[in-house]
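Structure record follows, encoded as structure tokens.
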Amino acid sequence: MNGYELLENESMANHCTFKAGGIASRVYKVFSIEGLENVLNICLEEGVKPLIFGNGSNILVSDKGISTPVIIIDKGFDNIKVEGNIIKAEAGAMLSAISHKALENGLTGVEFASGIPGTVGGAVVMNAGAYGGEMVDVVKEVDVIVLDNTKSLNTNSLIRKTLTNKDMDFSYRHSRAMDEEMIIVGVTLELTPGEKEEISFKMNDFNSRRRDKQPLEFPSAGSTFKRPEGYFAGKLIMDSGLAGTSVGGAMVSPKHCGFIVNNGNATATDIYELIKNVQSTVKERFDVVLEPEVKLIGEF
């Protein structure tokens, strides 16, 4: 298998939490660092830059599909090791699994991430956060592969680096990985020893609040919009009278207006059109620009 599996003409609805999206001509599921490097070298030899996905919990792929190769780093690339108060995880490890591993070892600091449905690699890329915590608070180091396009197309074009927290240039829903040709392959988290009972209580509390306030029964990509400075996106959308507004199978969740959900067979176009509708209405009502937190891929 060379450390990867190739899926041709694959629906991206199978790989995104929105459960919508078009066809990708090639999807590579990688199960090891060797598999990732093998696929990256295939792409380099072809002169194409691949798209890197984790659990697909923050993306929307156009119904028109994408010809760019997609690399998925999730199951099989998800080992987690605990060394004292340090957790080392491969990029495909789910945040929920890391949070439970921290609990098992009496480590506190990552409870906020226990209900985020994404991989640690994807979470670091966008500095994911919830309930007052962000990845910047717990990341010690990040192992990356940098694509060096100045070299000949061979294995020397893949440069392995370890970057510190400061190197990653974290800010709200942003990291250096968004701006440069780098792929996260591993993350080292530095946590604090704590009481298991208290850690468990925090995790249960956060997850209970999430279930009570978020439309987890429907496919979505979590919070659709970034938090505008001085406001809350969900409240602006609710106060604009948009709760329950639909385009095709896409709907503004009445339970939490910050979420656009797939209410039943929504297309990526339905979701995109509803995003634009929400943006224009909130801009007209409150003169606030809502910036999508969801990454749009392909032609819309």
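Order determines the names: the first chain of the structure tokens is A, the second B, and so forth; residues in each chain are numbered 1 upward, and ligands are numbered 1 upward as they are shown.
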Give me the residues near Ala97 in chain A as a CSV table (one decimal) with all heavy atoms, in the first residue's frame, where near means some atom within 10 Å (using only C-alpha atoms) and where sequence neighbours in that chain fewer than 6 positions away do not count.
chain,number,residue,atom,x,y,z
A,78,ASP,N,-2.6,8.6,13.6
A,78,ASP,CA,-3.3,9.2,14.8
A,78,ASP,C,-2.7,8.7,16.1
A,78,ASP,O,-3.4,8.6,17.1
A,78,ASP,CB,-4.8,9.0,14.7
A,78,ASP,CG,-5.1,7.5,14.6
A,78,ASP,OD1,-4.2,6.6,14.5
A,78,ASP,OD2,-6.3,7.2,14.6
A,79,ASN,N,-1.4,8.3,16.1
A,79,ASN,CA,-0.8,7.8,17.3
A,79,ASN,C,-0.7,8.9,18.4
A,79,ASN,O,-0.4,10.1,18.0
A,79,ASN,CB,0.5,7.2,17.1
A,79,ASN,CG,0.4,5.9,16.3
A,79,ASN,OD1,-0.5,5.1,16.5
A,79,ASN,ND2,1.4,5.6,15.5
A,80,ILE,N,-0.9,8.6,19.6
A,80,ILE,CA,-0.8,9.5,20.8
A,80,ILE,C,0.1,8.9,21.8
A,80,ILE,O,-0.1,7.7,22.2
A,80,ILE,CB,-2.2,9.8,21.4
A,80,ILE,CG1,-3.2,10.3,20.3
A,80,ILE,CG2,-2.1,10.8,22.5
A,80,ILE,CD1,-4.6,10.4,20.8
A,89,ALA,N,1.2,13.8,19.6
A,89,ALA,CA,0.2,13.3,18.8
A,89,ALA,C,0.5,13.5,17.3
A,89,ALA,O,1.0,14.5,16.9
A,89,ALA,CB,-1.2,13.9,19.1
A,103,LEU,N,-7.2,13.1,30.2
A,103,LEU,CA,-7.9,12.8,31.4
A,103,LEU,C,-7.4,11.5,32.0
A,103,LEU,O,-7.2,11.5,33.2
A,103,LEU,CB,-9.4,12.6,31.0
A,103,LEU,CG,-10.3,11.9,32.0
A,103,LEU,CD1,-10.4,12.8,33.3
A,103,LEU,CD2,-11.7,11.7,31.5
A,113,ALA,N,-11.2,21.3,24.1
A,113,ALA,CA,-11.2,20.7,22.8
A,113,ALA,C,-11.9,19.3,22.7
A,113,ALA,O,-12.0,18.7,21.7
A,113,ALA,CB,-9.8,20.5,22.3
A,114,SER,N,-12.4,18.9,23.9
A,114,SER,CA,-12.9,17.5,23.9
A,114,SER,C,-14.1,17.3,23.0
A,114,SER,O,-14.4,16.1,22.6
A,114,SER,CB,-13.3,17.1,25.4
A,114,SER,OG,-14.3,18.0,25.9
A,115,GLY,N,-14.9,18.3,22.7
A,115,GLY,CA,-16.0,18.1,21.8
A,115,GLY,C,-15.9,18.7,20.4
A,115,GLY,O,-16.8,18.6,19.6
A,119,THR,N,-9.3,17.0,13.8
A,119,THR,CA,-8.0,16.4,14.1
A,119,THR,C,-7.1,17.5,14.7
A,119,THR,O,-7.3,18.7,14.5
A,119,THR,CB,-7.3,15.9,12.9
A,119,THR,OG1,-7.1,17.0,11.9
A,119,THR,CG2,-8.2,14.8,12.2
A,120,VAL,N,-6.1,17.1,15.4
A,120,VAL,CA,-5.2,18.0,16.1
A,120,VAL,C,-4.4,18.8,15.0
A,120,VAL,O,-4.1,20.0,15.2
A,120,VAL,CB,-4.2,17.3,17.1
A,120,VAL,CG1,-3.2,16.4,16.4
A,120,VAL,CG2,-3.5,18.4,18.0
Q) Leaving out Gly35 in chain A and any residue of its chain fewer than 5 positions from it, which residues lie within 10 Å of it when counting only C-alpha atoms, given as a PyMOL selection string? A) chain A and resi 1-5+28-30+40-41+77
Q.
If DSSP is run on the backbone, what residues of range 74-151 of chain A are alpha helix (DSSP H)? A reply as a ChimeraX atom specification would be ideal.
A. /A:95-104,120-125
Store the residues picked out above, limited to all heavy atoms, as an mmCIF file, in the first residue's frame.
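Below is the file that was written, selection_10.cif:
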data_model
loop_
_atom_site.group_PDB
_atom_site.id
_atom_site.type_symbol
_atom_site.label_atom_id
_atom_site.label_comp_id
_atom_site.auth_asym_id
_atom_site.auth_seq_id
_atom_site.Cartn_x
_atom_site.Cartn_y
_atom_site.Cartn_z
ATOM 1 N N LEU A 95 -9.152 15.378 18.332
ATOM 2 C CA LEU A 95 -9.062 16.149 19.575
ATOM 3 C C LEU A 95 -9.769 15.437 20.719
ATOM 4 O O LEU A 95 -9.320 15.492 21.871
ATOM 5 C CB LEU A 95 -9.662 17.542 19.363
ATOM 6 C CG LEU A 95 -8.876 18.478 18.448
ATOM 7 C CD1 LEU A 95 -9.671 19.740 18.180
ATOM 8 C CD2 LEU A 95 -7.528 18.822 19.056
ATOM 9 N N SER A 96 -10.873 14.768 20.414
ATOM 10 C CA SER A 96 -11.605 14.047 21.455
ATOM 11 C C SER A 96 -10.735 12.947 22.055
ATOM 12 O O SER A 96 -10.717 12.734 23.277
ATOM 13 C CB SER A 96 -12.897 13.458 20.885
ATOM 14 O OG SER A 96 -12.621 12.636 19.757
ATOM 15 N N ALA A 97 -9.976 12.236 21.205
ATOM 16 C CA ALA A 97 -9.106 11.164 21.684
ATOM 17 C C ALA A 97 -7.972 11.727 22.534
ATOM 18 O O ALA A 97 -7.606 11.142 23.567
ATOM 19 C CB ALA A 97 -8.547 10.378 20.508
ATOM 20 N N ILE A 98 -7.414 12.855 22.122
ATOM 21 C CA ILE A 98 -6.345 13.488 22.890
ATOM 22 C C ILE A 98 -6.872 13.950 24.245
ATOM 23 O O ILE A 98 -6.214 13.767 25.283
ATOM 24 C CB ILE A 98 -5.750 14.668 22.106
ATOM 25 C CG1 ILE A 98 -4.988 14.150 20.874
ATOM 26 C CG2 ILE A 98 -4.834 15.516 22.989
ATOM 27 C CD1 ILE A 98 -4.512 15.238 19.938
ATOM 28 N N SER A 99 -8.067 14.523 24.263
ATOM 29 C CA SER A 99 -8.654 15.001 25.514
ATOM 30 C C SER A 99 -8.878 13.855 26.491
ATOM 31 O O SER A 99 -8.617 13.984 27.696
ATOM 32 C CB SER A 99 -9.987 15.715 25.228
ATOM 33 O OG SER A 99 -9.790 16.818 24.379
ATOM 34 N N HIS A 100 -9.347 12.714 25.981
ATOM 35 C CA HIS A 100 -9.576 11.570 26.853
ATOM 36 C C HIS A 100 -8.250 10.954 27.328
ATOM 37 O O HIS A 100 -8.156 10.464 28.456
ATOM 38 C CB HIS A 100 -10.456 10.532 26.152
ATOM 39 C CG HIS A 100 -11.899 10.905 26.161
ATOM 40 N ND1 HIS A 100 -12.497 11.631 25.150
ATOM 41 C CD2 HIS A 100 -12.873 10.682 27.091
ATOM 42 C CE1 HIS A 100 -13.769 11.822 25.440
ATOM 43 N NE2 HIS A 100 -14.025 11.267 26.609
ATOM 44 N N LYS A 101 -7.243 10.990 26.491
ATOM 45 C CA LYS A 101 -5.920 10.512 26.900
ATOM 46 C C LYS A 101 -5.352 11.417 28.003
ATOM 47 O O LYS A 101 -4.722 10.932 28.963
ATOM 48 C CB LYS A 101 -4.974 10.488 25.700
ATOM 49 C CG LYS A 101 -3.614 9.898 25.989
ATOM 50 C CD LYS A 101 -3.668 8.414 26.284
ATOM 51 C CE LYS A 101 -3.892 7.595 25.033
ATOM 52 N NZ LYS A 101 -3.756 6.149 25.302
ATOM 53 N N ALA A 102 -5.588 12.716 27.880
ATOM 54 C CA ALA A 102 -5.163 13.650 28.923
ATOM 55 C C ALA A 102 -5.882 13.348 30.234
ATOM 56 O O ALA A 102 -5.255 13.329 31.309
ATOM 57 C CB ALA A 102 -5.431 15.085 28.476
ATOM 58 N N LEU A 103 -7.173 13.097 30.151
ATOM 59 C CA LEU A 103 -7.949 12.755 31.350
ATOM 60 C C LEU A 103 -7.392 11.496 32.015
ATOM 61 O O LEU A 103 -7.192 11.462 33.237
ATOM 62 C CB LEU A 103 -9.417 12.551 30.969
ATOM 63 C CG LEU A 103 -10.333 11.947 32.046
ATOM 64 C CD1 LEU A 103 -10.376 12.832 33.287
ATOM 65 C CD2 LEU A 103 -11.740 11.734 31.482
ATOM 66 N N GLU A 104 -7.143 10.474 31.220
ATOM 67 C CA GLU A 104 -6.619 9.209 31.750
ATOM 68 C C GLU A 104 -5.315 9.413 32.514
ATOM 69 O O GLU A 104 -5.025 8.696 33.476
ATOM 70 C CB GLU A 104 -6.360 8.218 30.605
ATOM 71 C CG GLU A 104 -7.605 7.651 29.949
ATOM 72 C CD GLU A 104 -7.250 6.834 28.707
ATOM 73 O OE1 GLU A 104 -6.056 6.489 28.538
ATOM 74 O OE2 GLU A 104 -8.164 6.559 27.911
ATOM 75 N N VAL A 120 -6.074 17.065 15.434
ATOM 76 C CA VAL A 120 -5.186 18.035 16.063
ATOM 77 C C VAL A 120 -4.410 18.824 15.017
ATOM 78 O O VAL A 120 -4.123 20.014 15.211
ATOM 79 C CB VAL A 120 -4.243 17.338 17.071
ATOM 80 C CG1 VAL A 120 -3.221 16.445 16.362
ATOM 81 C CG2 VAL A 120 -3.541 18.360 17.953
ATOM 82 N N GLY A 121 -4.089 18.182 13.882
ATOM 83 C CA GLY A 121 -3.396 18.918 12.823
ATOM 84 C C GLY A 121 -4.240 20.060 12.284
ATOM 85 O O GLY A 121 -3.780 21.197 12.174
ATOM 86 N N GLY A 122 -5.482 19.762 11.965
ATOM 87 C CA GLY A 122 -6.385 20.806 11.476
ATOM 88 C C GLY A 122 -6.640 21.870 12.523
ATOM 89 O O GLY A 122 -6.747 23.063 12.201
ATOM 90 N N ALA A 123 -6.718 21.451 13.789
ATOM 91 C CA ALA A 123 -6.975 22.410 14.866
ATOM 92 C C ALA A 123 -5.821 23.383 15.028
ATOM 93 O O ALA A 123 -6.025 24.575 15.284
ATOM 94 C CB ALA A 123 -7.208 21.657 16.175
ATOM 95 N N VAL A 124 -4.591 22.891 14.852
ATOM 96 C CA VAL A 124 -3.433 23.772 14.962
ATOM 97 C C VAL A 124 -3.388 24.750 13.792
ATOM 98 O O VAL A 124 -3.091 25.938 13.973
ATOM 99 C CB VAL A 124 -2.140 22.941 15.041
ATOM 100 C CG1 VAL A 124 -0.908 23.833 14.856
ATOM 101 C CG2 VAL A 124 -2.061 22.228 16.383
ATOM 102 N N VAL A 125 -3.698 24.271 12.597
ATOM 103 C CA VAL A 125 -3.680 25.146 11.417
ATOM 104 C C VAL A 125 -4.535 26.387 11.655
ATOM 105 O O VAL A 125 -4.122 27.513 11.364
ATOM 106 C CB VAL A 125 -4.171 24.403 10.159
ATOM 107 C CG1 VAL A 125 -4.417 25.382 9.016
ATOM 108 C CG2 VAL A 125 -3.156 23.350 9.733
#
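With only C-alpha atoms as the basis for measurement, A:His15 is the residue among A:Lys64, A:Lys81, A:His15, A:His256 that approaches Ile52 in chain A most closely.
For the pair CA of Ala268 in chain A and CA of Glu293 in chain A, the separation is 15.3 Å.
In terms of minimum interatomic distance to Ala221 in chain A, A:Lys295 ranks closest within A:Lys166, A:Arg26, A:Lys295, A:Lys255, counting only C-alpha atoms.
Shortest separation to Phe112 in chain A among A:Leu36, A:Val288, A:Met178, A:Met135 occurs at residue A:Met135, atoms counted being only C-alpha atoms.
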Q | Shell of 12 Å around Val48 in chain A, only C-alpha atoms, local chain residues under 3 positions omitted, as a PyMOL selection string | A | chain A and resi 39-45+51+67-70+147+149+153
Q | Those in range 143-250 of chain A with strand (DSSP E or B) from DSSP, as JSON, numbers by chain | A | {"A": [143, 144, 145, 146, 147, 158, 159, 160, 161, 162, 163, 164, 171, 174, 182, 183, 184, 185, 186, 187, 188, 189, 190, 192, 193, 220, 225, 246, 247, 250]}
Q | CA of Leu6 in chain A to CA of Ile71 in chain A, straight-line distance in Å | A | 9.4 Å
Q) Gly132 in chain A: which residues within 12 Å, counting only C-alpha atoms, same-chain residues fewer than 3 positions away excluded, as an NGL selection string? A) :A and (109-113 or 128-129 or 135-137 or 172 or 206)
Within 8 Å of Phe259 in chain A, counting only C-alpha atoms, which residues qualify if same-chain residues fewer than 6 places away don't, as an mmCIF file with all heavy atoms, in the first residue's frame?
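Once written, around05.cif looks like this:
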data_model
loop_
_atom_site.group_PDB
_atom_site.id
_atom_site.type_symbol
_atom_site.label_atom_id
_atom_site.label_comp_id
_atom_site.auth_asym_id
_atom_site.auth_seq_id
_atom_site.Cartn_x
_atom_site.Cartn_y
_atom_site.Cartn_z
ATOM 1 N N GLN A 214 -25.976 23.565 20.814
ATOM 2 C CA GLN A 214 -25.573 23.447 19.417
ATOM 3 C C GLN A 214 -26.360 22.350 18.705
ATOM 4 O O GLN A 214 -26.735 21.357 19.323
ATOM 5 C CB GLN A 214 -24.067 23.155 19.323
ATOM 6 C CG GLN A 214 -23.203 24.265 19.881
ATOM 7 C CD GLN A 214 -21.719 23.977 19.783
ATOM 8 O OE1 GLN A 214 -21.303 22.995 19.163
ATOM 9 N NE2 GLN A 214 -20.896 24.824 20.389
ATOM 10 N N PRO A 215 -26.611 22.529 17.406
ATOM 11 C CA PRO A 215 -27.418 21.560 16.642
ATOM 12 C C PRO A 215 -26.603 20.355 16.194
ATOM 13 O O PRO A 215 -26.395 20.117 14.996
ATOM 14 C CB PRO A 215 -27.880 22.395 15.450
ATOM 15 C CG PRO A 215 -26.756 23.358 15.218
ATOM 16 C CD PRO A 215 -26.237 23.704 16.594
ATOM 17 N N SER A 220 -22.860 19.741 10.013
ATOM 18 C CA SER A 220 -22.460 21.143 9.897
ATOM 19 C C SER A 220 -20.942 21.203 9.930
ATOM 20 O O SER A 220 -20.272 20.176 10.001
ATOM 21 C CB SER A 220 -23.038 21.977 11.057
ATOM 22 O OG SER A 220 -22.305 21.753 12.251
ATOM 23 N N ALA A 221 -20.407 22.410 9.906
ATOM 24 C CA ALA A 221 -18.964 22.602 10.055
ATOM 25 C C ALA A 221 -18.685 23.405 11.319
ATOM 26 O O ALA A 221 -17.727 24.175 11.382
ATOM 27 C CB ALA A 221 -18.392 23.301 8.829
ATOM 28 N N GLY A 222 -19.542 23.235 12.317
ATOM 29 C CA GLY A 222 -19.387 24.008 13.542
ATOM 30 C C GLY A 222 -19.774 25.458 13.304
ATOM 31 O O GLY A 222 -20.651 25.758 12.481
ATOM 32 N N SER A 223 -19.146 26.370 14.006
ATOM 33 C CA SER A 223 -19.444 27.795 13.825
ATOM 34 C C SER A 223 -19.115 28.192 12.391
ATOM 35 O O SER A 223 -17.987 28.019 11.937
ATOM 36 C CB SER A 223 -18.619 28.635 14.801
ATOM 37 O OG SER A 223 -18.956 28.333 16.134
ATOM 38 N N THR A 224 -20.103 28.724 11.700
ATOM 39 C CA THR A 224 -19.920 29.052 10.288
ATOM 40 C C THR A 224 -19.098 30.320 10.100
ATOM 41 O O THR A 224 -18.372 30.454 9.117
ATOM 42 C CB THR A 224 -21.287 29.215 9.600
ATOM 43 O OG1 THR A 224 -22.082 28.052 9.870
ATOM 44 C CG2 THR A 224 -21.148 29.388 8.100
ATOM 45 N N GLY A 234 -23.624 34.643 16.159
ATOM 46 C CA GLY A 234 -24.924 34.012 16.317
ATOM 47 C C GLY A 234 -26.009 35.000 16.714
ATOM 48 O O GLY A 234 -27.137 34.940 16.206
ATOM 49 N N VAL A 252 -30.229 28.000 8.592
ATOM 50 C CA VAL A 252 -29.673 28.643 9.780
ATOM 51 C C VAL A 252 -30.337 27.984 10.980
ATOM 52 O O VAL A 252 -31.557 28.022 11.123
ATOM 53 C CB VAL A 252 -29.955 30.152 9.787
ATOM 54 C CG1 VAL A 252 -29.479 30.774 11.100
ATOM 55 C CG2 VAL A 252 -29.277 30.842 8.605
ATOM 56 N N SER A 253 -29.544 27.367 11.823
ATOM 57 C CA SER A 253 -30.102 26.606 12.936
ATOM 58 C C SER A 253 -30.854 27.508 13.907
ATOM 59 O O SER A 253 -30.283 28.467 14.426
ATOM 60 C CB SER A 253 -28.992 25.882 13.693
ATOM 61 O OG SER A 253 -29.486 25.339 14.892
#
